[in-house]
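A quick write-up on the structure given underneath.
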Amino acid sequence: MGLSTYRKKRSFDVTPEPQGGKGDLAELRFVVQKHDASRLHYDFRLEIGGVLKSWAIPKGPSLNPEDKRLAMMVEDHPFDYRNFEGVIPEGNYGAGTVIVWDEGAFEPLEPTGSKTSDEKLLLKALKAGSLKFSLHGHKLKGEFALVKLKKAENNAWLLIKHRDEYVNETDVTRKDKSVISKKTIEQMAKNPAKVYGKAAIKATTGITKKAAKKFTKKSSSSKSALKKLASKAPSRKKSANRTPGY
Ligand code: MN
């Protein structure tokens with residue numbers, strides 16, 4: 001698939017989202033991002049062939065094998081996306097707040113012992129519409145399968161937990177904090193200044209560094225001034241003009 005679709009959908013002068021990156025670590029990585037876009041969903045991404053193969057899961061993953069979670073395959077994302085959290089400004093594809101809900105290493109169910117061979121195996125399985133893998137995340141652990149639905153839409157898959165010692169019937173999405181910033185989606189939306197959201201605020205409100213400095217000078221407490229600036233960012237509430245997208 002490559003990244004051309006990903007790049008076409010986005011304007012990088014107004015979104016803080018990453019553009020590239022290479023999977024150069026010793027292990028294959030996965031990430032699950034919680035994304036409060038036009039509809040709240042979870043983006044499940046597996047590093048395969050130097051990019052992140054991606055599925056949008058409306059209900060989020062589950063550790064209960066009885067829950068077969070619909071996963072809509074979407075465009076490949078760049079490797080650097082695995083660390084992305086912050087705010088995608090209004091008017092952009094997938095506008096809304098993102099946190100890294102879970103991340104870690106993963107491997108095919110029967111690892112070959114080499115990352116390159118593992119990726120070849122996974123690409124083959126991807127084409128065949130049946131991926132089996134083990135996740136080593138903070139929240140998601142153990143064996144899972146992603147299975148393509150044959151009779152449904154082209155891009156519809158199911159994410160299913162295999163039976164193993166990590167099965168748990170408690171809804172794992174109740175653990176709602178980022179594994180990077182420890183923020184919930186709501187906390188990230190309110191205070192994205194310390195992460196990628198800073199560029200986003202500037203882009204959407206026109207508040208420049210100079211203006212921010214001036215504003216800060218007038219105030220006795222620069223901290224509260226910054227807070228005020230952050231609060232000038234557009235509200236994250238659902239709005240009619242929000243661009244739909246995963
Ligand atoms: Mn998304």
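Just remember, in the structure tokens the first chain shown is A, the second B, etc., residues are 1-based per chain, and ligands are 1-based in the order shown.
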
Which residues form the shell of 8 Å around ligand 1 when you count only C-alpha atoms and all ligand atoms, given as a VMD selection string?
chain A and resid 33 to 37 41 to 43 56 94 98 245 to 246

Applying 10 Å and only C-alpha atoms, which residues near region 145-159 of chain A remain after dropping the ones on its own chain fewer than 5 positions away? List them as a PyMOL selection string.
chain A and resi 44+55-57+60-62+65+67-74+108-109+125-134

Selected residues written out, C-alpha atoms, as a compact mmCIF listing (two decimals), in the first residue's frame:
```txt
# COMPACT_ATOMS: atom_id res chain seq x y z
CA PHE A 44 -4.77 -0.71 15.91
CA TRP A 55 -7.23 -0.93 11.40
CA ALA A 56 -9.87 1.31 13.00
CA ILE A 57 -11.77 -0.55 15.73
CA GLY A 60 -11.73 -1.06 20.82
CA PRO A 61 -9.82 -4.28 21.53
CA SER A 62 -10.95 -6.87 24.07
CA PRO A 65 -12.33 -14.30 23.19
CA ASP A 67 -15.82 -10.42 21.70
CA LYS A 68 -15.13 -10.40 18.00
CA ARG A 69 -14.30 -6.79 17.35
CA LEU A 70 -14.94 -5.25 13.93
CA ALA A 71 -11.70 -3.76 12.59
CA MET A 72 -11.85 -1.66 9.42
CA MET A 73 -8.55 -1.70 7.55
CA VAL A 74 -7.40 1.83 6.72
CA PRO A 108 3.92 -13.73 14.67
CA LEU A 109 2.46 -16.70 16.55
CA ALA A 125 -0.66 -13.78 6.17
CA LEU A 126 -2.00 -10.27 5.59
CA LYS A 127 -2.60 -11.06 1.91
CA ALA A 128 -4.29 -14.32 2.88
CA GLY A 129 -6.58 -12.40 5.26
CA SER A 130 -5.54 -14.17 8.47
CA LEU A 131 -2.93 -12.75 10.83
CA LYS A 132 -1.99 -14.47 14.08
CA PHE A 133 0.35 -12.78 16.52
CA SER A 134 1.37 -12.29 20.14
```

If you run DSSP on this backbone, which residues of region 90-214 of chain A come out as alpha helix (DSSP H), and could you give them as a PDB file with N, CA and C atoms, in the first residue's frame?
```pdb
ATOM      1  N   LYS A 115      13.690 -10.770  12.349  1.00  0.00           N
ATOM      2  CA  LYS A 115      12.666  -9.749  12.148  1.00  0.00           C
ATOM      3  C   LYS A 115      12.219  -9.707  10.683  1.00  0.00           C
ATOM      4  N   THR A 116      13.195  -9.769   9.777  1.00  0.00           N
ATOM      5  CA  THR A 116      12.896  -9.708   8.344  1.00  0.00           C
ATOM      6  C   THR A 116      12.010 -10.878   7.904  1.00  0.00           C
ATOM      7  N   SER A 117      12.355 -12.072   8.353  1.00  0.00           N
ATOM      8  CA  SER A 117      11.556 -13.248   7.996  1.00  0.00           C
ATOM      9  C   SER A 117      10.172 -13.185   8.635  1.00  0.00           C
ATOM     10  N   ASP A 118      10.115 -12.663   9.863  1.00  0.00           N
ATOM     11  CA  ASP A 118       8.821 -12.494  10.529  1.00  0.00           C
ATOM     12  C   ASP A 118       7.920 -11.572   9.706  1.00  0.00           C
ATOM     13  N   GLU A 119       8.511 -10.492   9.185  1.00  0.00           N
ATOM     14  CA  GLU A 119       7.725  -9.531   8.401  1.00  0.00           C
ATOM     15  C   GLU A 119       7.226 -10.148   7.100  1.00  0.00           C
ATOM     16  N   LYS A 120       8.075 -10.960   6.484  1.00  0.00           N
ATOM     17  CA  LYS A 120       7.667 -11.654   5.250  1.00  0.00           C
ATOM     18  C   LYS A 120       6.482 -12.566   5.531  1.00  0.00           C
ATOM     19  N   LEU A 121       6.590 -13.286   6.639  1.00  0.00           N
ATOM     20  CA  LEU A 121       5.535 -14.197   7.069  1.00  0.00           C
ATOM     21  C   LEU A 121       4.224 -13.429   7.298  1.00  0.00           C
ATOM     22  N   LEU A 122       4.354 -12.282   7.969  1.00  0.00           N
ATOM     23  CA  LEU A 122       3.176 -11.475   8.294  1.00  0.00           C
ATOM     24  C   LEU A 122       2.545 -10.874   7.037  1.00  0.00           C
ATOM     25  N   LEU A 123       3.384 -10.457   6.078  1.00  0.00           N
ATOM     26  CA  LEU A 123       2.861  -9.888   4.820  1.00  0.00           C
ATOM     27  C   LEU A 123       2.059 -10.938   4.050  1.00  0.00           C
ATOM     28  N   LYS A 124       2.567 -12.146   4.064  1.00  0.00           N
ATOM     29  CA  LYS A 124       1.898 -13.258   3.392  1.00  0.00           C
ATOM     30  C   LYS A 124       0.540 -13.520   4.068  1.00  0.00           C
ATOM     31  N   ALA A 125       0.561 -13.546   5.392  1.00  0.00           N
ATOM     32  CA  ALA A 125      -0.659 -13.785   6.168  1.00  0.00           C
ATOM     33  C   ALA A 125      -1.677 -12.665   5.941  1.00  0.00           C
ATOM     34  N   LEU A 126      -1.152 -11.436   5.831  1.00  0.00           N
ATOM     35  CA  LEU A 126      -1.997 -10.267   5.587  1.00  0.00           C
ATOM     36  C   LEU A 126      -2.747 -10.422   4.262  1.00  0.00           C
ATOM     37  N   LYS A 127      -2.009 -10.848   3.240  1.00  0.00           N
ATOM     38  CA  LYS A 127      -2.602 -11.059   1.913  1.00  0.00           C
ATOM     39  C   LYS A 127      -3.647 -12.165   1.951  1.00  0.00           C
ATOM     40  N   ALA A 128      -3.366 -13.181   2.767  1.00  0.00           N
ATOM     41  CA  ALA A 128      -4.288 -14.315   2.884  1.00  0.00           C
ATOM     42  C   ALA A 128      -5.497 -13.988   3.769  1.00  0.00           C
ATOM     43  N   ILE A 185      -8.045  10.891  27.232  1.00  0.00           N
ATOM     44  CA  ILE A 185      -8.385  11.679  26.044  1.00  0.00           C
ATOM     45  C   ILE A 185      -8.832  13.088  26.459  1.00  0.00           C
ATOM     46  N   GLU A 186      -9.638  13.162  27.524  1.00  0.00           N
ATOM     47  CA  GLU A 186     -10.166  14.455  27.976  1.00  0.00           C
ATOM     48  C   GLU A 186      -9.040  15.357  28.462  1.00  0.00           C
ATOM     49  N   GLN A 187      -8.098  14.769  29.221  1.00  0.00           N
ATOM     50  CA  GLN A 187      -6.965  15.563  29.724  1.00  0.00           C
ATOM     51  C   GLN A 187      -6.069  16.020  28.583  1.00  0.00           C
ATOM     52  N   MET A 188      -5.892  15.156  27.593  1.00  0.00           N
ATOM     53  CA  MET A 188      -5.073  15.514  26.433  1.00  0.00           C
ATOM     54  C   MET A 188      -5.731  16.648  25.651  1.00  0.00           C
ATOM     55  N   ALA A 189      -7.054  16.567  25.491  1.00  0.00           N
ATOM     56  CA  ALA A 189      -7.779  17.595  24.734  1.00  0.00           C
ATOM     57  C   ALA A 189      -7.653  18.957  25.413  1.00  0.00           C
ATOM     58  N   LYS A 190      -7.685  18.958  26.756  1.00  0.00           N
ATOM     59  CA  LYS A 190      -7.617  20.217  27.505  1.00  0.00           C
ATOM     60  C   LYS A 190      -6.232  20.812  27.509  1.00  0.00           C
ATOM     61  N   GLY A 197       0.327  18.985  20.187  1.00  0.00           N
ATOM     62  CA  GLY A 197      -0.774  19.926  20.045  1.00  0.00           C
ATOM     63  C   GLY A 197      -0.349  21.374  19.969  1.00  0.00           C
ATOM     64  N   LYS A 198       0.867  21.699  20.392  1.00  0.00           N
ATOM     65  CA  LYS A 198       1.323  23.080  20.427  1.00  0.00           C
ATOM     66  C   LYS A 198       1.290  23.701  19.029  1.00  0.00           C
ATOM     67  N   ALA A 199       1.820  22.991  18.062  1.00  0.00           N
ATOM     68  CA  ALA A 199       1.803  23.475  16.686  1.00  0.00           C
ATOM     69  C   ALA A 199       0.370  23.570  16.190  1.00  0.00           C
ATOM     70  N   ALA A 200      -0.456  22.652  16.663  1.00  0.00           N
ATOM     71  CA  ALA A 200      -1.851  22.613  16.248  1.00  0.00           C
ATOM     72  C   ALA A 200      -2.589  23.851  16.739  1.00  0.00           C
ATOM     73  N   ILE A 201      -2.337  24.232  17.992  1.00  0.00           N
ATOM     74  CA  ILE A 201      -3.004  25.407  18.561  1.00  0.00           C
ATOM     75  C   ILE A 201      -2.620  26.646  17.771  1.00  0.00           C
ATOM     76  N   LYS A 202      -1.332  26.764  17.475  1.00  0.00           N
ATOM     77  CA  LYS A 202      -0.832  27.910  16.721  1.00  0.00           C
ATOM     78  C   LYS A 202      -1.496  27.953  15.341  1.00  0.00           C
ATOM     79  N   ALA A 203      -1.596  26.820  14.713  1.00  0.00           N
ATOM     80  CA  ALA A 203      -2.146  26.754  13.370  1.00  0.00           C
ATOM     81  C   ALA A 203      -3.624  27.112  13.334  1.00  0.00           C
ATOM     82  N   THR A 204      -4.348  26.741  14.394  1.00  0.00           N
ATOM     83  CA  THR A 204      -5.796  26.947  14.347  1.00  0.00           C
ATOM     84  C   THR A 204      -6.236  28.272  14.970  1.00  0.00           C
ATOM     85  N   THR A 205      -5.407  28.889  15.810  1.00  0.00           N
ATOM     86  CA  THR A 205      -5.825  30.129  16.461  1.00  0.00           C
ATOM     87  C   THR A 205      -5.004  31.327  15.986  1.00  0.00           C
ATOM     88  N   LYS A 209       4.362  32.758  18.597  1.00  0.00           N
ATOM     89  CA  LYS A 209       5.291  32.743  19.726  1.00  0.00           C
ATOM     90  C   LYS A 209       5.426  34.153  20.303  1.00  0.00           C
ATOM     91  N   LYS A 210       5.501  35.136  19.399  1.00  0.00           N
ATOM     92  CA  LYS A 210       5.655  36.540  19.792  1.00  0.00           C
ATOM     93  C   LYS A 210       4.457  36.998  20.623  1.00  0.00           C
ATOM     94  N   ALA A 211       3.273  36.682  20.112  1.00  0.00           N
ATOM     95  CA  ALA A 211       2.046  37.058  20.791  1.00  0.00           C
ATOM     96  C   ALA A 211       1.950  36.382  22.154  1.00  0.00           C
ATOM     97  N   ALA A 212       2.394  35.157  22.183  1.00  0.00           N
ATOM     98  CA  ALA A 212       2.365  34.399  23.431  1.00  0.00           C
ATOM     99  C   ALA A 212       3.279  35.044  24.457  1.00  0.00           C
ATOM    100  N   LYS A 213       4.445  35.562  23.996  1.00  0.00           N
ATOM    101  CA  LYS A 213       5.435  36.205  24.864  1.00  0.00           C
ATOM    102  C   LYS A 213       4.849  37.494  25.453  1.00  0.00           C
ATOM    103  N   LYS A 214       4.235  38.260  24.591  1.00  0.00           N
ATOM    104  CA  LYS A 214       3.616  39.520  24.984  1.00  0.00           C
ATOM    105  C   LYS A 214       2.560  39.259  26.048  1.00  0.00           C
TER     106      LYS A 214
END
```

Using only C-alpha atoms, which residue out of A:Glu66, A:Glu47, A:Asp80, A:Glu165 lies closest to Pro18 (chain A)?
A:Asp80

Within 8 Å of region 20-31 of chain A, counting only C-alpha atoms, which residues show up once you throw out same-chain ones fewer than 5 positions away? Write them as a PyMOL selection string, please.
chain A and resi 43-52+78-82+100-107+115+135

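The shortest atom-to-atom distance to Asn92 (chain A), with only C-alpha atoms taken into account, belongs to A:Pro16 out of A:Lys182, A:Thr173, A:Thr5, A:Pro16.
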
Taking only C-alpha atoms into account, which of A:Lys183, A:His138, A:Arg174, A:Lys161 comes nearest Val32 (chain A)?
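Under the stated criterion, the closest residue is A:His138.
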
Mind giving me the straight-line distance from CA of Gly137 (chain A) to CA of Leu3 (chain A) in Å, one decimal?
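Straight-line distance from CA of Gly137 (chain A) to CA of Leu3 (chain A) works out to 25.3 Å.
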
In terms of the shortest atom-to-atom distance over only C-alpha atoms, which of A:Arg163, A:Arg7, A:His77, A:Lys177 is closest to Lys53 (chain A)?
A:His77

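Among the candidate residues A:Leu40, A:Val172, A:Ile180, A:Ile160, the one lying nearest to Ala95 (chain A) is A:Leu40, with distances computed using only C-alpha atoms.
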